[in-house]
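Take a look at the structure below.
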Amino acid sequence: MAKNTTVEEARAAIEQDFKQGYDLPVYVYKPWCKSCEICVAFCPKQVLEMGEDRKPRLARPRDCIRCRQCELRCPDLAIFVCEEKAK
Amino acid sequence: MAKNTTVEEARAAIEQDFKQGYDLPVYVYKPWCKSCEICVAFCPKQVLEMGEDRKPRLARPRDCIRCRQCELRCPDLAIFVCEEKAK
Amino acid sequence: MKIHPAYEMLRPDKNFPNVWCPGCGHGIVQGAIIRAVQKLGLDRDEMAMVSGIGCSSRMPVYCDFNSLHTAHGRAIAFATGVKLHNPKLHVIVITGDGDALAIGGNHFIHAARRNVEMTVVLMNNMIYGMTGGQYSPTTPIGKRASTAPYGTAERDFDPCSLAKAAGAVFAARGTVYNAAELEKLITQALAKKGFALVEAVSPCPTLYGRLNREGNAVKMMQWQKENTVNVKAAEKLPPEKVRGKIVTGVFHDAETPGYTEIYDRVIAKARGA
Amino acid sequence: MKIHPAYEMLRPDKNFPNVWCPGCGHGIVQGAIIRAVQKLGLDRDEMAMVSGIGCSSRMPVYCDFNSLHTAHGRAIAFATGVKLHNPKLHVIVITGDGDALAIGGNHFIHAARRNVEMTVVLMNNMIYGMTGGQYSPTTPIGKRASTAPYGTAERDFDPCSLAKAAGAVFAARGTVYNAAELEKLITQALAKKGFALVEAVSPCPTLYGRLNREGNAVKMMQWQKENTVNVKAAEKLPPEKVRGKIVTGVFHDAETPGYTEIYDRVIAKARGA
């Protein structure tokens, strides 16, 4: 299992990733993910797949319809759907 | 309140009374009666009245219809309706 | 027969009159239980009467059955043990509203859930009689008790609804005024193979009646007479005509295997049968 | 917002990931509670989250509310104290099937009877997870547990029926599969002024799933998806089409004054107002 982190550390790491140009619709905070695969199994558009690290990865990001089913069903609060970018 | 008696004593006393010629439709075993007046109040034929000793007495025995309401409602099992005499 | 028909089922060596206050309904319930047992032709030795603590719980002392007078609220737990040890016994639990539903509430709902075969006769006088008139889980909201001089702030349980929701196969209510109906309900309950509740509404003139200015035993019985409606009639009436009244009759009657029956199947499975 | 919306209501200094096993539904319930609180625009300081002992009862550790992690089965008793002391707080009780209905069964029915204003979120995983898979009062009859290798001999409670019969003003059931419906039910419950129960059916893949060969978390969620029927649809179906399914939705929604409201009236009366 991942090393323990606090909410503050999670925030900081996520902010850092976004600063470095993350712009996919769904964000996975891997240190909190326990690899249950619920998000992958119930994504209605097969946006997610399990990666080699046994964490979900965005295989088909353009198919995401932002339904938030992955976010609502993640038992670890480790995945969320990003807001659409203001253009 | 009446002196305490056992079921055996009650039986013996009642048997004795019957031997001595008791032949009314309703029998009150006074040592167990606590004078609550329920039997008097709910007799549909006003057969019973409270006596001077604050125990029920048969004021109008011939009116008894043997409905057993007094027996069913006595909280002290102190009153019962006798079987009709075989003639 | 020239002897009161109940006397053959009373303990010959116990002192009478019984311990209950003049006009207390509990003795009427005792009479109804004895007549129900006689009507079903059950032998005294087939009966086990188990009680907890409280006014009603004194009853097993007077009945000439196998009997067990246990700890406050725990009658149903002991009765479960009696039934599992000897499933042939007809187990009657004698309890009150405080004993069964306050301290004993969890035993009550869990025995109903497990459907342990027993008849629970719950004498509901809506107050703690033995200990001085404290309010109980069935004291109606607003009514006075020694611990509620301004009226209780708590709503009351409906023991029959609770038993049904918890899993009982039989739930019925009678009054001591209508002792014949009560006897019939207890007879039905004794014939069930599962957890069967009979709630017997039984006046406490000494405490409840006095604190709530409801008069003596006769007046409280008269109130029952005038304010009881049968469940079948109640279903056809608008709710405001039923409010504040005692609804009597059978509320729930189902057929589900009892706990000892299912437990026997587990034993058979474990033995590889 | 570039942060998970729930993070603002988590305790910043607590270690994550949370303590629950991979795929345990309890974290999904936590997410639904936080979204319900946010939807109602409630402040963290207006919330009090009270729990007992068990897997689900770890939740208050992670939520940045006023919180109280108490003794086994006693969350509702402590929550009653919290609410009476400060009626302005929105009190959420976090409990499991063992905590709420076995050791805590009496607190459960009595708080419902008194209609103490609180939202009880009962995570029902049908087993004792933390202590090794013992059967609980909601393990369905015949299912396996570490203490029932041949299947349980006991029937299960329906927590919603029990709460309603005991006096609750709101009783609803949701699943973690349908997390959106669950969130809606919790939002409704939080808005009630009385005892409100939301039963959240939450899989335990580690113990219940393994012992009953129901597969991993995904398979258990898939089962929920395929075997859930809404109460309104269920009412129109023949019983055999509903048997063995999870019925979700609002079972009971009533308006009755809550306990603190009635208690205030007693205080006013005592003061001669």
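We label chains A, B, ... in the order they appear in the structure tokens, count residues from 1 in each chain, and number ligands from 1 in the order shown.
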
Residue list for chain D near chain A as an MDAnalysis selection string, 10 Å, only C-alpha atoms: chainID D and resid 1:32 35 62 176:180 183 216:219 221:222

task: Extract the full set of strand (DSSP E) residues from region 4-71 of chain A according to DSSP on the backbone, and format it as an MDAnalysis selection string.
output: chainID A and resid 26:28 48:50 56:58

Dump of all heavy atoms for the selected residues, as a CSV table (one decimal), in the first residue's frame:
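What ended up in selection-v7.csv:
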chain,number,residue,atom,x,y,z
A,26,VAL,N,-9.7,13.8,-16.0
A,26,VAL,CA,-9.8,13.1,-14.7
A,26,VAL,C,-8.5,13.0,-14.1
A,26,VAL,O,-7.4,12.8,-14.7
A,26,VAL,CB,-10.3,11.6,-15.0
A,26,VAL,CG1,-10.4,10.9,-13.7
A,26,VAL,CG2,-11.7,11.7,-15.7
A,27,TYR,N,-8.4,13.3,-12.8
A,27,TYR,CA,-7.2,13.3,-12.0
A,27,TYR,C,-7.2,12.1,-11.0
A,27,TYR,O,-8.1,12.0,-10.3
A,27,TYR,CB,-6.9,14.6,-11.3
A,27,TYR,CG,-5.5,14.7,-10.7
A,27,TYR,CD1,-4.4,15.1,-11.4
A,27,TYR,CD2,-5.3,14.2,-9.4
A,27,TYR,CE1,-3.2,15.2,-10.9
A,27,TYR,CE2,-4.1,14.2,-8.8
A,27,TYR,CZ,-3.0,14.7,-9.6
A,27,TYR,OH,-1.8,14.7,-9.0
A,28,VAL,N,-6.1,11.3,-11.0
A,28,VAL,CA,-6.0,10.3,-10.0
A,28,VAL,C,-4.8,10.6,-9.1
A,28,VAL,O,-3.7,10.8,-9.5
A,28,VAL,CB,-5.7,8.9,-10.7
A,28,VAL,CG1,-5.5,7.8,-9.7
A,28,VAL,CG2,-6.7,8.5,-11.7
A,48,LEU,N,-11.1,4.8,-18.5
A,48,LEU,CA,-10.0,4.4,-17.6
A,48,LEU,C,-9.6,2.9,-17.9
A,48,LEU,O,-10.4,2.1,-18.3
A,48,LEU,CB,-10.4,4.5,-16.2
A,48,LEU,CG,-10.8,5.9,-15.7
A,48,LEU,CD1,-11.7,5.9,-14.5
A,48,LEU,CD2,-9.6,6.8,-15.5
A,49,GLU,N,-8.3,2.6,-17.6
A,49,GLU,CA,-7.8,1.3,-17.7
A,49,GLU,C,-6.9,1.1,-16.5
A,49,GLU,O,-6.3,2.1,-16.0
A,49,GLU,CB,-7.0,1.0,-18.9
A,49,GLU,CG,-7.8,0.7,-20.1
A,49,GLU,CD,-6.9,0.4,-21.4
A,49,GLU,OE1,-5.7,0.3,-21.2
A,49,GLU,OE2,-7.5,0.3,-22.5
A,50,MET,N,-6.6,-0.1,-16.1
A,50,MET,CA,-5.6,-0.3,-15.0
A,50,MET,C,-4.2,-0.2,-15.7
A,50,MET,O,-3.9,-0.9,-16.7
A,50,MET,CB,-5.8,-1.6,-14.3
A,50,MET,CG,-7.0,-1.7,-13.4
A,50,MET,SD,-7.1,-0.3,-12.1
A,50,MET,CE,-6.1,-1.1,-10.8
A,56,PRO,N,-5.4,3.3,-11.9
A,56,PRO,CA,-6.1,3.6,-13.1
A,56,PRO,C,-5.3,4.7,-13.9
A,56,PRO,O,-4.7,5.6,-13.3
A,56,PRO,CB,-7.4,4.2,-12.6
A,56,PRO,CG,-7.2,4.6,-11.2
A,56,PRO,CD,-6.1,3.7,-10.7
A,57,ARG,N,-5.3,4.5,-15.2
A,57,ARG,CA,-4.7,5.6,-16.1
A,57,ARG,C,-5.8,5.9,-17.2
A,57,ARG,O,-6.7,5.1,-17.5
A,57,ARG,CB,-3.4,5.1,-16.7
A,57,ARG,CG,-3.6,3.9,-17.6
A,57,ARG,CD,-2.2,3.5,-18.3
A,57,ARG,NE,-2.4,2.6,-19.4
A,57,ARG,CZ,-2.8,3.0,-20.6
A,57,ARG,NH1,-2.8,4.3,-20.9
A,57,ARG,NH2,-3.0,2.1,-21.6
A,58,LEU,N,-5.6,7.1,-17.7
A,58,LEU,CA,-6.6,7.6,-18.7
A,58,LEU,C,-6.2,7.1,-20.1
A,58,LEU,O,-5.4,7.6,-20.7
A,58,LEU,CB,-6.6,9.1,-18.7
A,58,LEU,CG,-7.6,9.7,-17.6
A,58,LEU,CD1,-7.0,9.6,-16.3
A,58,LEU,CD2,-8.0,11.1,-18.0

task: Going by DSSP on the backbone, which bits of chain B are helix (DSSP H, G or I)? Write them as JSON, numbers by chain, please.
output: {"B": [7, 8, 9, 10, 11, 12, 13, 14, 15, 16, 17, 18, 19, 30, 31, 32, 38, 39, 40, 41, 42, 61, 62, 63, 69, 70, 71, 72, 73]}

task: May I ask which of the residues C:Pro60, C:Leu197, C:Asn230, C:Ile92 is the closest one to Met47 (chain C), counting only C-alpha atoms?
output: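 Closest candidate: C:Ile92.
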
- prompt: Any idea what's packed within 12 Å of region 249-254 of chain D, counting only C-alpha atoms, ignoring anything in its chain fewer than 5 positions away? Could you give it as JSON, numbers by chain?
  reply: {"D": [115, 158, 159, 160, 161, 162, 163, 164, 165, 166, 167, 168, 169, 170, 171, 172, 173, 174, 175, 178, 180, 181, 182, 183, 184, 185, 186, 188, 189, 191, 192, 193, 194, 195, 196, 197, 198, 199, 200, 201, 228, 229, 230, 231, 232, 233, 234, 235]}

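Within 8 Å of chain C, and counting only C-alpha atoms, chain D contributes Ala102, Gly105, Asn106, Arg113, Arg114, Asn115, Tyr150, Gly151, Ala153, Glu154, Arg155, Asp156, Phe157, Asp158, Ser161, Leu162, Ala165, Ala166, Gly167, Tyr259, Ile262, Tyr263, Val266, Lys269 and Ala270 of chain D.
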
field: Selection near Cys64 (chain A), 7 Å with only C-alpha atoms, sequence-local residues under 2 positions removed, as a ChimeraX atom specification
entry: /A:25,45,47,61-62,66
